[in-house]
Amino acid sequence: MTLIDDSRPIFVQIAERIENDIIEGGMPEESQVPSTNQFAAFYQINPATAAKGVNLLVDQGILYKKRGIGMFVASGARAQLMEKRREQFFEQYVVTMVREAEKLGITSEQLMDMIRRGDGGK
């Protein structure tokens, strides 16, 4: 897997990939995460850049360090990330969609019909 988004800082992308692994269950709570050197080798980046991404998550309480052992996923990290992502989803997609619908004169009922159509009728 390579980093393909040149428009965003690599350390942010590293943090997001770790977040995704936690959300998807690939890195369970209290499990050890790869070292910054492992991330650096895998993504072919500077270890300092990898460390910056990991430390971003440490600052947020998603990861914590066990001295001499490594970094681990904190208890409650998945729930914290899910809430953060839900809020981002709401702001980025729902609010934007509702504003655009209002501009186009789409009623709430019509919008709900469109959403139902978009999910294949699930």
# chains A, B, ... in the order shown; residues from 1 in each chain; ligands from 1
call {"tool": "residues_around", "arguments": {"residues": "range 21-27 of chain A", "least_positions_apart": "6", "cutoff": "9 Å", "atoms": "only C-alpha atoms", "output": "list in words"}}
result
Val33, Val73, Ala77, Arg78, Ala79, Leu81 and Met82 of chain A
call {"tool": "write_last_selection", "arguments": {"atoms": "N, CA and C atoms", "output": "compact mmCIF listing (two decimals), in the first residue's frame"}}
result
# COMPACT_ATOMS: atom_id res chain seq x y z
N VAL A 33 1.02 -1.52 18.17
CA VAL A 33 1.04 -1.05 16.79
C VAL A 33 2.48 -1.15 16.28
N VAL A 73 -2.68 0.55 21.27
CA VAL A 73 -3.98 1.18 21.07
C VAL A 73 -4.65 1.31 22.43
N ALA A 77 -10.37 3.63 22.26
CA ALA A 77 -9.90 4.34 21.06
C ALA A 77 -10.87 4.19 19.90
N ARG A 78 -11.39 2.99 19.69
CA ARG A 78 -12.30 2.76 18.56
C ARG A 78 -13.56 3.62 18.70
N ALA A 79 -14.15 3.62 19.87
CA ALA A 79 -15.36 4.43 20.09
C ALA A 79 -15.07 5.91 19.91
N LEU A 81 -12.73 7.23 18.01
CA LEU A 81 -12.53 7.48 16.58
C LEU A 81 -13.85 7.43 15.82
N MET A 82 -14.71 6.51 16.19
CA MET A 82 -16.01 6.41 15.51
C MET A 82 -16.81 7.70 15.71
call {"tool": "residues_around", "arguments": {"residues": "Asn55 in chain A", "least_positions_apart": "6", "cutoff": "12 Å", "atoms": "only C-alpha atoms", "output": "ChimeraX atom specification"}}
result
/A:11-12,14-15,18,35-36,47-49,61-65,71-72
call {"tool": "write_last_selection", "arguments": {"atoms": "N, CA and C atoms", "output": "PDB file, in the first residue's frame"}}
result
ATOM      1  N   PHE A  11       2.418  12.611   7.301  1.00  0.00           N
ATOM      2  CA  PHE A  11       2.192  12.204   8.691  1.00  0.00           C
ATOM      3  C   PHE A  11       0.700  12.133   9.014  1.00  0.00           C
ATOM      4  N   VAL A  12      -0.100  13.006   8.404  1.00  0.00           N
ATOM      5  CA  VAL A  12      -1.553  12.967   8.602  1.00  0.00           C
ATOM      6  C   VAL A  12      -2.119  11.687   7.985  1.00  0.00           C
ATOM      7  N   ILE A  14      -0.526   8.867   7.584  1.00  0.00           N
ATOM      8  CA  ILE A  14      -0.113   7.757   8.453  1.00  0.00           C
ATOM      9  C   ILE A  14      -1.101   7.638   9.617  1.00  0.00           C
ATOM     10  N   ALA A  15      -1.399   8.753  10.259  1.00  0.00           N
ATOM     11  CA  ALA A  15      -2.341   8.757  11.383  1.00  0.00           C
ATOM     12  C   ALA A  15      -3.708   8.243  10.936  1.00  0.00           C
ATOM     13  N   ILE A  18      -3.694   4.458  10.485  1.00  0.00           N
ATOM     14  CA  ILE A  18      -3.760   3.785  11.787  1.00  0.00           C
ATOM     15  C   ILE A  18      -5.182   3.859  12.322  1.00  0.00           C
ATOM     16  N   SER A  35       6.137  -0.252  14.948  1.00  0.00           N
ATOM     17  CA  SER A  35       7.036   0.827  15.373  1.00  0.00           C
ATOM     18  C   SER A  35       7.120   1.884  14.272  1.00  0.00           C
ATOM     19  N   THR A  36       7.616   3.049  14.639  1.00  0.00           N
ATOM     20  CA  THR A  36       7.783   4.108  13.635  1.00  0.00           C
ATOM     21  C   THR A  36       8.768   3.662  12.560  1.00  0.00           C
ATOM     22  N   PRO A  47      11.713   8.096   9.186  1.00  0.00           N
ATOM     23  CA  PRO A  47      11.158   7.696  10.480  1.00  0.00           C
ATOM     24  C   PRO A  47      10.587   8.866  11.289  1.00  0.00           C
ATOM     25  N   ALA A  48      11.164  10.053  11.141  1.00  0.00           N
ATOM     26  CA  ALA A  48      10.642  11.222  11.863  1.00  0.00           C
ATOM     27  C   ALA A  48       9.231  11.569  11.388  1.00  0.00           C
ATOM     28  N   THR A  49       8.961  11.375  10.101  1.00  0.00           N
ATOM     29  CA  THR A  49       7.621  11.628   9.560  1.00  0.00           C
ATOM     30  C   THR A  49       6.632  10.616  10.117  1.00  0.00           C
ATOM     31  N   GLY A  61      -4.880  10.704  22.545  1.00  0.00           N
ATOM     32  CA  GLY A  61      -5.252   9.633  23.466  1.00  0.00           C
ATOM     33  C   GLY A  61      -5.670   8.346  22.768  1.00  0.00           C
ATOM     34  N   ILE A  62      -5.383   8.231  21.481  1.00  0.00           N
ATOM     35  CA  ILE A  62      -5.729   7.027  20.716  1.00  0.00           C
ATOM     36  C   ILE A  62      -4.668   5.952  20.936  1.00  0.00           C
ATOM     37  N   LEU A  63      -3.413   6.354  20.998  1.00  0.00           N
ATOM     38  CA  LEU A  63      -2.293   5.451  21.257  1.00  0.00           C
ATOM     39  C   LEU A  63      -1.610   5.884  22.542  1.00  0.00           C
ATOM     40  N   TYR A  64      -0.932   4.937  23.175  1.00  0.00           N
ATOM     41  CA  TYR A  64      -0.116   5.279  24.337  1.00  0.00           C
ATOM     42  C   TYR A  64       1.163   4.460  24.290  1.00  0.00           C
ATOM     43  N   LYS A  65       2.169   4.957  24.964  1.00  0.00           N
ATOM     44  CA  LYS A  65       3.488   4.321  24.948  1.00  0.00           C
ATOM     45  C   LYS A  65       3.716   3.528  26.225  1.00  0.00           C
ATOM     46  N   MET A  71       4.317   1.242  21.210  1.00  0.00           N
ATOM     47  CA  MET A  71       3.028   1.948  21.217  1.00  0.00           C
ATOM     48  C   MET A  71       1.884   0.944  21.187  1.00  0.00           C
ATOM     49  N   PHE A  72       0.800   1.293  21.874  1.00  0.00           N
ATOM     50  CA  PHE A  72      -0.362   0.437  21.958  1.00  0.00           C
ATOM     51  C   PHE A  72      -1.632   1.246  21.722  1.00  0.00           C
TER      52      PHE A  72
END
call {"tool": "atom_distance", "arguments": {"atom1": "CA of Glu30 in chain A", "atom2": "CA of Ile69 in chain A"}}
result
12.7 Å
call {"tool": "closest_residue", "arguments": {"among": "A:Ile115, A:Gln32, A:Gln44, A:Glu109", "to": "Gly70 in chain A", "atoms": "only C-alpha atoms"}}
result
A:Gln32
call {"tool": "select_by_dssp", "arguments": {"residues": "range 11-108 of chain A", "states": "strand (DSSP E or B)", "output": "PyMOL selection string"}}
result
chain A and resi 32+63-66+70-73
call {"tool": "atom_distance", "arguments": {"atom1": "CA of Asn37 in chain A", "atom2": "CA of Ala50 in chain A"}}
result
7.6 Å
call {"tool": "residues_around", "arguments": {"residues": "Val98 in chain A", "least_positions_apart": "5", "cutoff": "9 Å", "atoms": "only C-alpha atoms", "output": "ChimeraX atom specification"}}
result
/A:93,103,106,108,111
call {"tool": "write_last_selection", "arguments": {"atoms": "N, CA, C and O atoms", "output": "PDB file, in the first residue's frame"}}
result
ATOM      1  N   TYR A  93     -20.536  15.833   4.774  1.00  0.00           N
ATOM      2  CA  TYR A  93     -21.485  15.307   3.798  1.00  0.00           C
ATOM      3  C   TYR A  93     -22.929  15.729   4.042  1.00  0.00           C
ATOM      4  O   TYR A  93     -23.586  16.216   3.135  1.00  0.00           O
ATOM      5  N   LYS A 103     -30.770  24.798  -1.902  1.00  0.00           N
ATOM      6  CA  LYS A 103     -30.523  25.668  -3.054  1.00  0.00           C
ATOM      7  C   LYS A 103     -31.300  25.205  -4.274  1.00  0.00           C
ATOM      8  O   LYS A 103     -31.754  26.016  -5.073  1.00  0.00           O
ATOM      9  N   ILE A 106     -35.056  21.125  -3.306  1.00  0.00           N
ATOM     10  CA  ILE A 106     -35.394  19.729  -3.017  1.00  0.00           C
ATOM     11  C   ILE A 106     -35.944  19.665  -1.595  1.00  0.00           C
ATOM     12  O   ILE A 106     -35.315  20.131  -0.649  1.00  0.00           O
ATOM     13  N   SER A 108     -37.326  17.863   1.964  1.00  0.00           N
ATOM     14  CA  SER A 108     -36.773  16.815   2.829  1.00  0.00           C
ATOM     15  C   SER A 108     -37.256  15.443   2.376  1.00  0.00           C
ATOM     16  O   SER A 108     -36.492  14.469   2.380  1.00  0.00           O
ATOM     17  N   LEU A 111     -35.413  14.419  -0.717  1.00  0.00           N
ATOM     18  CA  LEU A 111     -34.044  14.076  -0.349  1.00  0.00           C
ATOM     19  C   LEU A 111     -33.985  12.674   0.262  1.00  0.00           C
ATOM     20  O   LEU A 111     -33.110  11.870  -0.080  1.00  0.00           O
TER      21      LEU A 111
END
